[in-house]
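Peer 1: mmCIF, C-alpha atoms, saved as entry15.cif, coming up:
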```cif
data_structure
#
loop_
_atom_site.group_PDB
_atom_site.id
_atom_site.type_symbol
_atom_site.label_atom_id
_atom_site.label_comp_id
_atom_site.auth_asym_id
_atom_site.auth_seq_id
_atom_site.Cartn_x
_atom_site.Cartn_y
_atom_site.Cartn_z
ATOM 1 C CA MET A 1 87.931 128.781 48.034
ATOM 2 C CA ALA A 2 91.509 129.729 47.166
ATOM 3 C CA ARG A 3 90.612 130.279 43.518
ATOM 4 C CA ARG A 4 87.593 132.372 44.444
ATOM 5 C CA ILE A 5 89.827 134.659 46.500
ATOM 6 C CA ALA A 6 92.649 134.720 43.970
ATOM 7 C CA PRO A 7 91.434 133.322 40.632
ATOM 8 C CA GLY A 8 94.757 133.776 38.878
ATOM 9 C CA HIS A 9 96.915 132.329 41.649
ATOM 10 C CA ALA A 10 99.314 129.952 39.908
ATOM 11 C CA GLY A 11 100.045 127.829 42.977
ATOM 12 C CA ALA A 12 96.365 127.332 43.729
ATOM 13 C CA ALA A 13 95.687 126.425 40.103
ATOM 14 C CA LYS A 14 98.475 123.855 40.126
ATOM 15 C CA GLY A 15 97.187 122.314 43.317
ATOM 16 C CA ILE A 16 93.584 122.170 42.149
ATOM 17 C CA GLY A 17 94.678 120.932 38.752
ATOM 18 C CA PHE A 18 96.529 118.088 40.376
ATOM 19 C CA ILE A 19 93.572 117.210 42.590
ATOM 20 C CA HIS A 20 91.501 116.857 39.429
ATOM 21 C CA PHE A 21 94.297 114.884 37.861
ATOM 22 C CA GLY A 22 94.501 112.568 40.872
ATOM 23 C CA ARG A 23 90.781 111.903 40.556
ATOM 24 C CA GLY A 24 91.212 111.082 36.898
ATOM 25 C CA GLU A 25 89.397 114.274 35.823
ATOM 26 C CA LEU A 26 91.920 115.058 33.123
ATOM 27 C CA ALA A 27 89.792 117.476 31.120
ATOM 28 C CA GLU A 28 89.012 119.523 34.226
ATOM 29 C CA ALA A 29 92.673 119.477 35.290
ATOM 30 C CA GLU A 30 93.724 120.680 31.860
ATOM 31 C CA ARG A 31 91.056 123.414 31.857
ATOM 32 C CA VAL A 32 92.142 124.798 35.258
ATOM 33 C CA LEU A 33 95.802 124.764 34.342
ATOM 34 C CA SER A 34 95.205 126.238 30.877
ATOM 35 C CA GLU A 35 93.288 129.172 32.370
ATOM 36 C CA ALA A 36 96.051 129.791 34.883
ATOM 37 C CA ALA A 37 98.735 129.459 32.208
ATOM 38 C CA GLU A 38 96.937 132.042 30.050
ATOM 39 C CA ALA A 39 96.795 134.402 33.020
ATOM 40 C CA SER A 40 100.465 133.798 33.879
ATOM 41 C CA PRO A 41 102.213 132.917 30.608
ATOM 42 C CA ALA A 42 105.669 133.386 32.137
ATOM 43 C CA ASP A 43 105.082 130.758 34.843
ATOM 44 C CA GLU A 44 107.288 127.877 33.815
ATOM 45 C CA GLY A 45 105.918 125.640 36.572
ATOM 46 C CA LEU A 46 102.407 126.013 35.217
ATOM 47 C CA ARG A 47 103.517 125.212 31.685
ATOM 48 C CA SER A 48 105.301 122.144 32.976
ATOM 49 C CA ALA A 49 102.252 121.053 34.946
ATOM 50 C CA LEU A 50 100.026 121.549 31.941
ATOM 51 C CA ALA A 51 102.376 119.533 29.759
ATOM 52 C CA TYR A 52 102.340 116.770 32.334
ATOM 53 C CA VAL A 53 98.549 116.624 32.420
ATOM 54 C CA ARG A 54 98.405 116.675 28.635
ATOM 55 C CA SER A 55 100.880 113.811 28.500
ATOM 56 C CA ALA A 56 98.375 111.805 30.504
ATOM 57 C CA THR A 57 95.569 112.244 28.032
ATOM 58 C CA VAL A 58 94.331 109.208 26.243
ATOM 59 C CA THR A 59 96.777 107.648 23.827
ATOM 60 C CA ALA A 60 95.972 106.404 20.388
ATOM 61 C CA ASP A 61 94.975 102.959 21.613
ATOM 62 C CA GLY A 62 92.641 104.381 24.236
ATOM 63 C CA ARG A 63 94.796 103.817 27.355
ATOM 64 C CA SER A 64 96.240 106.476 29.592
ATOM 65 C CA ALA A 65 100.004 106.955 29.350
ATOM 66 C CA VAL A 66 100.306 107.974 33.015
ATOM 67 C CA VAL A 67 98.600 106.398 35.973
ATOM 68 C CA PRO A 68 98.311 108.823 38.883
ATOM 69 C CA SER A 69 99.210 107.293 42.228
ATOM 70 C CA SER A 70 98.488 108.320 45.793
ATOM 71 C CA ASP A 71 102.090 109.278 46.455
ATOM 72 C CA ALA A 72 102.053 111.729 43.569
ATOM 73 C CA SER A 73 100.354 114.365 45.698
ATOM 74 C CA ASP A 74 103.435 114.587 47.919
ATOM 75 C CA ALA A 75 105.285 116.745 45.424
ATOM 76 C CA PRO A 76 104.337 119.808 43.398
ATOM 77 C CA VAL A 77 102.942 119.105 39.963
ATOM 78 C CA ALA A 78 105.837 120.845 38.307
ATOM 79 C CA ASP A 79 108.191 118.316 39.874
ATOM 80 C CA ARG A 80 106.350 115.273 38.557
ATOM 81 C CA PRO A 81 108.207 113.382 35.856
ATOM 82 C CA GLN A 82 107.221 113.484 32.230
ATOM 83 C CA VAL A 83 106.533 109.908 31.213
ATOM 84 C CA THR A 84 106.567 108.354 27.784
ATOM 85 C CA GLU A 85 104.182 105.680 26.611
ATOM 86 C CA GLY A 86 106.757 103.019 27.467
ATOM 87 C CA GLY A 87 106.725 104.145 31.100
ATOM 88 C CA MET A 88 110.197 105.715 30.846
ATOM 89 C CA ALA A 89 110.748 109.348 31.800
ATOM 90 C CA SER A 90 111.230 111.564 28.761
ATOM 91 C CA ASP A 91 113.625 113.822 30.706
ATOM 92 C CA SER A 92 116.683 111.814 31.779
ATOM 93 C CA ARG A 93 116.728 113.722 35.090
ATOM 94 C CA ASP A 94 113.426 112.046 35.959
ATOM 95 C CA LEU A 95 114.574 108.547 35.041
ATOM 96 C CA PHE A 96 114.369 107.184 38.590
ATOM 97 C CA ALA A 97 111.504 109.305 39.912
ATOM 98 C CA SER A 98 108.857 106.609 39.679
ATOM 99 C CA VAL A 99 111.135 104.062 41.407
ATOM 100 C CA LEU A 100 112.218 106.335 44.239
ATOM 101 C CA VAL A 101 108.721 107.679 45.004
ATOM 102 C CA ASP A 102 109.876 109.699 48.029
ATOM 103 C CA SER A 103 111.258 113.191 47.412
ATOM 104 C CA THR A 104 114.032 112.585 49.981
ATOM 105 C CA ARG A 105 115.559 109.960 47.679
ATOM 106 C CA THR A 106 117.550 110.614 44.584
ATOM 107 C CA ALA A 107 119.578 108.584 42.125
ATOM 108 C CA LEU A 108 122.228 109.363 39.574
ATOM 109 C CA LEU A 109 123.603 107.376 36.694
ATOM 110 C CA LEU A 110 127.197 108.312 35.946
ATOM 111 C CA ASP A 111 129.410 107.357 33.038
ATOM 112 C CA ARG A 112 132.962 106.027 33.390
ATOM 113 C CA ASP A 113 134.264 109.608 33.721
ATOM 114 C CA GLY A 114 131.897 110.451 36.570
ATOM 115 C CA LEU A 115 129.657 112.587 34.350
ATOM 116 C CA VAL A 116 125.912 112.453 34.873
ATOM 117 C CA LEU A 117 123.929 110.458 32.324
ATOM 118 C CA ALA A 118 120.592 110.502 34.107
ATOM 119 C CA GLY A 119 119.002 111.455 37.392
ATOM 120 C CA ALA A 120 119.289 114.585 39.489
ATOM 121 C CA TYR A 121 120.365 115.648 42.957
ATOM 122 C CA TYR A 122 118.534 118.684 44.264
ATOM 123 C CA THR A 123 119.627 120.621 47.310
ATOM 124 C CA GLY A 124 117.156 122.223 49.708
ATOM 125 C CA ASP A 125 117.264 125.465 47.704
ATOM 126 C CA GLY A 126 116.393 123.663 44.462
ATOM 127 C CA ARG A 127 119.836 123.530 42.850
ATOM 128 C CA ASP A 128 120.745 120.417 40.895
ATOM 129 C CA VAL A 129 124.195 119.439 42.198
ATOM 130 C CA ALA A 130 124.293 116.054 40.483
ATOM 131 C CA GLU A 131 127.602 116.737 38.731
ATOM 132 C CA GLU A 132 129.330 117.697 41.989
ATOM 133 C CA ILE A 133 127.926 114.798 43.969
ATOM 134 C CA GLY A 134 128.750 112.383 41.153
ATOM 135 C CA ALA A 135 132.323 113.636 40.946
ATOM 136 C CA HIS A 136 132.841 113.271 44.699
ATOM 137 C CA LEU A 137 131.302 109.828 45.076
ATOM 138 C CA SER A 138 132.523 108.155 41.907
ATOM 139 C CA GLY A 139 135.990 107.781 43.414
ATOM 140 C CA VAL A 140 134.611 105.349 45.981
ATOM 141 C CA SER A 141 133.859 102.828 43.255
ATOM 142 C CA ASP A 142 137.499 102.827 42.105
ATOM 143 C CA GLU A 143 138.494 101.992 45.660
ATOM 144 C CA ALA A 144 135.867 99.257 45.814
ATOM 145 C CA MET A 145 137.204 97.716 42.619
ATOM 146 C CA ARG A 146 140.722 97.729 44.012
ATOM 147 C CA THR A 147 139.585 96.200 47.304
ATOM 148 C CA THR A 148 137.638 93.324 45.775
ATOM 149 C CA ARG A 149 140.415 92.571 43.300
ATOM 150 C CA HIS A 150 143.019 92.295 46.040
ATOM 151 C CA LEU A 151 140.759 90.302 48.361
ATOM 152 C CA GLY A 152 139.779 87.892 45.612
ATOM 153 C CA VAL A 153 136.072 88.030 46.416
ATOM 154 C CA GLY A 154 134.960 88.550 42.840
ATOM 155 C CA PRO A 155 133.651 91.708 41.200
ATOM 156 C CA TRP A 156 131.973 94.252 43.455
ATOM 157 C CA ARG A 157 128.207 94.461 43.298
ATOM 158 C CA ALA A 158 127.268 97.231 45.714
ATOM 159 C CA ILE A 159 128.553 99.651 48.313
ATOM 160 C CA VAL A 160 126.237 101.011 50.935
ATOM 161 C CA PHE A 161 127.222 103.484 53.580
ATOM 162 C CA GLU A 162 125.351 105.447 56.173
ATOM 163 C CA ALA A 163 126.248 109.118 56.392
ATOM 164 C CA GLU A 164 124.723 111.744 58.654
ATOM 165 C CA ALA A 165 122.607 113.329 55.928
ATOM 166 C CA ALA A 166 121.817 110.279 53.825
ATOM 167 C CA THR A 167 122.292 106.609 53.235
ATOM 168 C CA VAL A 168 124.259 106.184 50.019
ATOM 169 C CA ALA A 169 124.236 103.088 47.851
ATOM 170 C CA MET A 170 126.283 102.521 44.725
ATOM 171 C CA ALA A 171 126.421 99.817 42.115
ATOM 172 C CA PRO A 172 128.357 99.342 38.900
ATOM 173 C CA SER A 173 126.370 100.051 35.789
ATOM 174 C CA GLY A 174 126.869 99.226 32.114
ATOM 175 C CA ASP A 175 129.943 100.468 30.232
ATOM 176 C CA GLU A 176 131.921 100.976 33.466
ATOM 177 C CA GLY A 177 129.332 103.456 34.675
ATOM 178 C CA LEU A 178 128.134 103.921 38.215
ATOM 179 C CA LEU A 179 124.705 104.153 39.769
ATOM 180 C CA VAL A 180 124.500 106.276 42.932
ATOM 181 C CA LEU A 181 121.455 106.350 45.160
ATOM 182 C CA ALA A 182 121.086 108.679 48.138
ATOM 183 C CA ALA A 183 118.182 108.269 50.495
ATOM 184 C CA GLY A 184 117.258 110.402 53.489
ATOM 185 C CA GLY A 185 118.548 109.249 56.843
ATOM 186 C CA ALA A 186 115.110 107.891 57.734
ATOM 187 C CA THR A 187 115.266 105.319 54.925
ATOM 188 C CA PRO A 188 116.259 101.919 56.324
ATOM 189 C CA LEU A 189 119.406 100.299 54.991
ATOM 190 C CA GLY A 190 117.552 97.312 53.583
ATOM 191 C CA LEU A 191 115.107 99.474 51.678
ATOM 192 C CA THR A 192 117.972 101.525 50.294
ATOM 193 C CA ARG A 193 119.582 98.345 49.013
ATOM 194 C CA ARG A 194 116.336 97.230 47.361
ATOM 195 C CA LEU A 195 115.816 100.615 45.782
ATOM 196 C CA LEU A 196 119.333 100.382 44.401
ATOM 197 C CA ASP A 197 118.442 97.108 42.672
ATOM 198 C CA ARG A 198 115.290 98.637 41.205
ATOM 199 C CA CYS A 199 117.171 101.703 39.993
ATOM 200 C CA ALA A 200 119.794 99.420 38.443
ATOM 201 C CA GLU A 201 117.049 97.625 36.510
ATOM 202 C CA ARG A 202 115.685 100.969 35.343
ATOM 203 C CA ALA A 203 119.157 102.117 34.315
ATOM 204 C CA ARG A 204 119.798 98.907 32.369
ATOM 205 C CA ALA A 205 116.534 99.320 30.486
ATOM 206 C CA TRP A 206 117.228 102.980 29.793
ATOM 207 C CA LEU A 207 120.779 102.347 28.625
ATOM 208 C CA GLY A 208 119.451 99.615 26.359
ATOM 209 C CA ASP A 209 116.918 102.017 24.882
ATOM 210 C CA ALA A 210 119.479 104.790 24.589
ATOM 211 C CA ARG A 211 121.761 102.689 22.394
ATOM 212 C CA MET B 1 150.801 87.937 77.351
ATOM 213 C CA THR B 2 148.935 91.237 77.035
ATOM 214 C CA VAL B 3 145.316 91.138 75.954
ATOM 215 C CA SER B 4 144.412 93.864 73.459
ATOM 216 C CA PRO B 5 141.634 96.262 74.491
ATOM 217 C CA PHE B 6 139.828 95.221 71.319
ATOM 218 C CA ALA B 7 139.889 91.494 72.032
ATOM 219 C CA SER B 8 136.410 91.269 73.463
ATOM 220 C CA ALA B 9 134.801 93.249 70.619
ATOM 221 C CA LEU B 10 136.607 91.204 67.974
ATOM 222 C CA ASP B 11 135.638 87.936 69.654
ATOM 223 C CA CYS B 12 131.973 88.991 69.597
ATOM 224 C CA LEU B 13 132.259 89.843 65.910
ATOM 225 C CA THR B 14 133.780 86.529 64.942
ATOM 226 C CA ARG B 15 130.917 84.706 66.648
ATOM 227 C CA VAL B 16 128.432 86.155 64.148
ATOM 228 C CA ARG B 17 127.518 83.533 61.556
ATOM 229 C CA GLY B 18 129.370 84.013 58.281
ATOM 230 C CA VAL B 19 132.094 86.305 59.619
ATOM 231 C CA THR B 20 135.476 84.989 58.513
ATOM 232 C CA ALA B 21 137.710 87.781 59.810
ATOM 233 C CA ALA B 22 137.414 90.644 62.259
ATOM 234 C CA LEU B 23 140.012 93.298 62.753
ATOM 235 C CA VAL B 24 140.822 96.773 63.952
ATOM 236 C CA ALA B 25 143.015 99.028 61.832
ATOM 237 C CA ASP B 26 144.220 102.590 61.757
ATOM 238 C CA GLU B 27 142.039 104.425 59.260
ATOM 239 C CA ARG B 28 144.741 106.860 58.091
ATOM 240 C CA ASP B 29 147.527 104.432 57.229
ATOM 241 C CA GLY B 30 145.735 101.073 57.159
ATOM 242 C CA ILE B 31 148.073 99.528 59.729
ATOM 243 C CA LEU B 32 146.622 96.486 61.463
ATOM 244 C CA VAL B 33 146.002 96.976 65.190
ATOM 245 C CA ASP B 34 144.400 93.687 66.193
ATOM 246 C CA ALA B 35 142.683 90.844 64.361
ATOM 247 C CA ARG B 36 140.871 87.520 64.521
ATOM 248 C CA LEU B 37 141.692 85.715 61.309
ATOM 249 C CA HIS B 38 141.258 82.289 59.794
ATOM 250 C CA VAL B 39 144.350 80.392 58.746
ATOM 251 C CA GLY B 40 145.726 81.757 55.484
ATOM 252 C CA GLN B 41 144.028 85.144 55.680
ATOM 253 C CA ARG B 42 146.243 88.196 55.221
ATOM 254 C CA GLY B 43 145.208 90.588 57.978
ATOM 255 C CA ASP B 44 147.564 93.335 56.885
ATOM 256 C CA ARG B 45 146.150 93.334 53.379
ATOM 257 C CA VAL B 46 142.522 93.345 54.542
ATOM 258 C CA ALA B 47 143.284 96.126 57.023
ATOM 259 C CA ALA B 48 144.944 98.316 54.411
ATOM 260 C CA LEU B 49 142.212 97.846 51.813
ATOM 261 C CA ALA B 50 139.255 98.211 54.163
ATOM 262 C CA ALA B 51 140.735 101.289 55.850
ATOM 263 C CA SER B 52 141.460 102.848 52.473
ATOM 264 C CA LEU B 53 137.922 102.178 51.234
ATOM 265 C CA TYR B 54 136.388 103.622 54.376
ATOM 266 C CA ARG B 55 138.635 106.656 54.258
ATOM 267 C CA LYS B 56 137.687 107.284 50.640
ATOM 268 C CA ALA B 57 133.983 107.017 51.466
ATOM 269 C CA ARG B 58 134.407 109.337 54.445
ATOM 270 C CA LEU B 59 136.252 111.972 52.431
ATOM 271 C CA SER B 60 133.843 111.716 49.503
ATOM 272 C CA ALA B 61 130.802 111.970 51.748
ATOM 273 C CA GLY B 62 132.349 114.952 53.469
ATOM 274 C CA SER B 63 133.048 116.682 50.156
ATOM 275 C CA ALA B 64 129.507 115.953 49.009
ATOM 276 C CA GLY B 65 128.148 117.524 52.182
ATOM 277 C CA LEU B 66 126.678 114.299 53.506
ATOM 278 C CA GLY B 67 128.421 114.436 56.874
ATOM 279 C CA GLN B 68 130.178 111.745 58.857
ATOM 280 C CA VAL B 69 130.087 108.155 57.648
ATOM 281 C CA GLY B 70 128.951 105.363 59.955
ATOM 282 C CA PHE B 71 128.471 101.825 58.728
ATOM 283 C CA LEU B 72 129.849 100.882 55.300
ATOM 284 C CA GLN B 73 129.340 97.656 53.413
ATOM 285 C CA LEU B 74 131.062 96.498 50.246
ATOM 286 C CA GLU B 75 129.282 93.607 48.610
ATOM 287 C CA ALA B 76 131.094 91.453 46.067
ATOM 288 C CA ALA B 77 130.177 88.328 44.162
ATOM 289 C CA ASN B 78 131.785 86.005 46.710
ATOM 290 C CA GLY B 79 131.760 87.899 49.961
ATOM 291 C CA ARG B 80 131.385 91.190 51.730
ATOM 292 C CA VAL B 81 133.419 93.632 53.775
ATOM 293 C CA CYS B 82 131.721 95.684 56.487
ATOM 294 C CA VAL B 83 133.411 98.616 58.211
ATOM 295 C CA VAL B 84 132.579 101.092 60.952
ATOM 296 C CA GLY B 85 134.932 103.926 61.915
ATOM 297 C CA ARG B 86 135.448 105.674 65.198
ATOM 298 C CA GLY B 87 138.118 108.306 65.603
ATOM 299 C CA ASP B 88 141.289 107.177 63.882
ATOM 300 C CA LEU B 89 140.321 103.507 63.920
ATOM 301 C CA VAL B 90 138.097 101.272 61.845
ATOM 302 C CA VAL B 91 136.569 97.964 62.835
ATOM 303 C CA VAL B 92 136.302 95.579 59.905
ATOM 304 C CA ALA B 93 134.391 92.354 59.367
ATOM 305 C CA VAL B 94 134.937 90.133 56.341
ATOM 306 C CA ALA B 95 131.970 87.856 55.787
ATOM 307 C CA SER B 96 130.411 85.433 53.394
ATOM 308 C CA LEU B 97 127.474 86.478 51.228
ATOM 309 C CA ASP B 98 124.993 84.524 53.342
ATOM 310 C CA ALA B 99 126.065 86.255 56.561
ATOM 311 C CA ASN B 100 123.500 88.203 58.546
ATOM 312 C CA VAL B 101 124.477 91.784 57.702
ATOM 313 C CA GLY B 102 122.090 93.244 60.249
ATOM 314 C CA MET B 103 123.821 91.316 63.008
ATOM 315 C CA ILE B 104 127.264 92.255 61.738
ATOM 316 C CA ARG B 105 126.224 95.906 61.686
ATOM 317 C CA VAL B 106 125.008 95.740 65.276
ATOM 318 C CA GLU B 107 128.228 94.105 66.453
ATOM 319 C CA LEU B 108 130.391 96.528 64.475
ATOM 320 C CA LEU B 109 128.619 99.539 65.935
ATOM 321 C CA ARG B 110 128.973 98.024 69.389
ATOM 322 C CA ALA B 111 132.664 97.414 68.776
ATOM 323 C CA ALA B 112 133.087 100.972 67.531
ATOM 324 C CA GLU B 113 131.509 102.238 70.741
ATOM 325 C CA ALA B 114 134.099 100.246 72.641
ATOM 326 C CA LEU B 115 136.856 102.004 70.681
ATOM 327 C CA ALA B 116 135.728 105.429 71.872
#
```
Let me see whether you can do it: turn the structure in this file into structure tokens.

Peer 2:
Amino acid sequence: MARRIAPGHAGAAKGIGFIHFGRGELAEAERVLSEAAEASPADEGLRSALAYVRSATVTADGRSAVVPSSDASDAPVADRPQVTEGGMASDSRDLFASVLVDSTRTALLLDRDGLVLAGAYYTGDGRDVAEEIGAHLSGVSDEAMRTTRHLGVGPWRAIVFEAEAATVAMAPSGDEGLLVLAAGGATPLGLTRRLLDRCAERARAWLGDAR
Amino acid sequence: MTVSPFASALDCLTRVRGVTAALVADERDGILVDARLHVGQRGDRVAALAASLYRKARLSAGSAGLGQVGFLQLEAANGRVCVVGRGDLVVVAVASLDANVGMIRVELLRAAEALA
């Protein structure tokens, strides 16, 4: 209906394209998005969506590189991660997307200087403030290290704290780096802790690949 | 002998399985206010470190726009430190790894309410 009323509407095309994609109708999804992209060549979101659908086309050995899941419809197509054949996001900002699932959760991997290696932190208006958040929160890990050293309870493994806007979990990562996870206030503490472990696994694998 | 206003809350905390120390400290300077400690534990040191950690988390969360901090847990290889702040004070529990964190959190939040 939406496309009949406004055939060149980019948002409608993205939505319908993703419905086709969710049903496994990749050719149809690609056709809808290609038509819309031709009509609106400047629409970066459409190009991104089209690239995503194309990345899901059949690989050389006949298997799909991306498996659409039910949760994928929660976010716009343009926000879906690009995924390589190994299951790892090709854009480092999307490294944790498939682990976090929910758009209210975000994770960052920081190096020893507090600089962002992977992940993103988007504000409500779409700005990526990962560098700022990383800089502010990385100091907590130094304090944690000091605390555990003085208390003699061994190396620190995780910090979790509940703030008004989010539950934040942190864990040390390879090469003195830091993994920071922020989950919306509705995410239970236990789930946040489990997600942290899963993100840490993802980060370890990614750092291993990146070497 | 004067009983501290925090005695009841600290006693409840120390009854939680796995808790080895419970204390109240000033968040700004880490000075110990009251404590229930096992023999050999350094309350002043725990108070200073836990208060400093909580303060750092509170300031960082504030700078990052995340708002006020409630419960905080530091997990280490051989134990954990749990903290809840209220006003200028923090309530701290030091516990073993096998302690029931959910129960500690409930008791800490209850103790923090008592501080208000």

Peer 1: With 6 Å as the limit and counting all atoms listed in the file, what residues in chain B lie close to chain A? Please list them as a PDB file with C-alpha atoms, in the frame of the given file.

Peer 2:
```
ATOM      1  CA  LEU B  49     142.212  97.846  51.813  1.00  0.00           C
ATOM      2  CA  LEU B  53     137.922 102.178  51.234  1.00  0.00           C
ATOM      3  CA  LYS B  56     137.687 107.284  50.640  1.00  0.00           C
ATOM      4  CA  ALA B  57     133.983 107.017  51.466  1.00  0.00           C
ATOM      5  CA  SER B  60     133.843 111.716  49.503  1.00  0.00           C
ATOM      6  CA  ALA B  64     129.507 115.953  49.009  1.00  0.00           C
ATOM      7  CA  LEU B  66     126.678 114.299  53.506  1.00  0.00           C
ATOM      8  CA  GLY B  67     128.421 114.436  56.874  1.00  0.00           C
ATOM      9  CA  GLN B  68     130.178 111.745  58.857  1.00  0.00           C
ATOM     10  CA  VAL B  69     130.087 108.155  57.648  1.00  0.00           C
ATOM     11  CA  GLY B  70     128.951 105.363  59.955  1.00  0.00           C
ATOM     12  CA  PHE B  71     128.471 101.825  58.728  1.00  0.00           C
ATOM     13  CA  LEU B  72     129.849 100.882  55.300  1.00  0.00           C
ATOM     14  CA  GLN B  73     129.340  97.656  53.413  1.00  0.00           C
ATOM     15  CA  LEU B  74     131.062  96.498  50.246  1.00  0.00           C
ATOM     16  CA  GLU B  75     129.282  93.607  48.610  1.00  0.00           C
ATOM     17  CA  ALA B  76     131.094  91.453  46.067  1.00  0.00           C
ATOM     18  CA  ALA B  77     130.177  88.328  44.162  1.00  0.00           C
ATOM     19  CA  ASN B  78     131.785  86.005  46.710  1.00  0.00           C
ATOM     20  CA  GLY B  79     131.760  87.899  49.961  1.00  0.00           C
TER      21      GLY B  79
END
```

Peer 1: Residues picked by the PyMOL selection byres ((chain B and resi 97) around 7) here, as a PyMOL selection string?

Peer 2: chain B and resi 78-80+95-96+98-99

Peer 1: Can you turn the PyMOL selection byres ((chain B and resi 41) around 12) into a concrete residue list for this file, as an MDAnalysis selection string?

Peer 2: (chainID A and resid 151:152) or (chainID B and resid 20:23 35:40 42:47 94)

Peer 1: From the options B:Val16, B:Ala93, B:Val33, B:Ala9, which residue's atoms come nearest to B:Ala112, counting all atoms listed in the file?

Peer 2: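 The closest residue to B:Ala112 is B:Ala9.
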
Peer 1: Run the PyMOL selection byres ((chain B and resi 87) around 9) against the file shown and list the residues it catches, as JSON, numbers by chain.

Peer 2: {"B": [27, 85, 86, 88, 89, 90, 115, 116]}

Peer 1: Please indicate the distance in Å from atom CA of B:Ala114 to atom CA of B:Thr14, rounded to one decimal place.

Peer 2: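 Separation of atom CA of B:Ala114 and atom CA of B:Thr14: 15.7 Å.
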
Peer 1: Could you check how far atom CA of B:Leu10 sits from atom CA of B:Val24, in Å to one decimal?

Peer 2: 8.1 Å

Peer 1: Counting only C-alpha atoms, figure out which residue out of B:Val19, B:Val91, B:Arg58, B:Ser52 gets nearest to B:Ala111.

Peer 2: B:Val91

Peer 1: Would you work out the distance separating atom CA of A:Leu181 from atom CA of B:Glu107, expressed in Å to one decimal?

Peer 2: 25.5 Å

Peer 1: Write out as a list in words each polymer residue whose atoms come within 8 Å of stretch 120-126 of chain A, counting all atoms listed in the file; drop sequence neighbours fewer than 4 positions from it.

Peer 2: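 In the requested form, the answer reads Arg93, Asp94, Thr106, Ala107, Leu108, Ala130 and Ile133 of chain A.
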
Peer 1: Kindly indicate which residue among B:Ala61, B:Asp34, B:Arg55, B:Val84 lies nearest to B:Asp11, using all atoms listed in the file for the distances.

Peer 2: B:Asp34
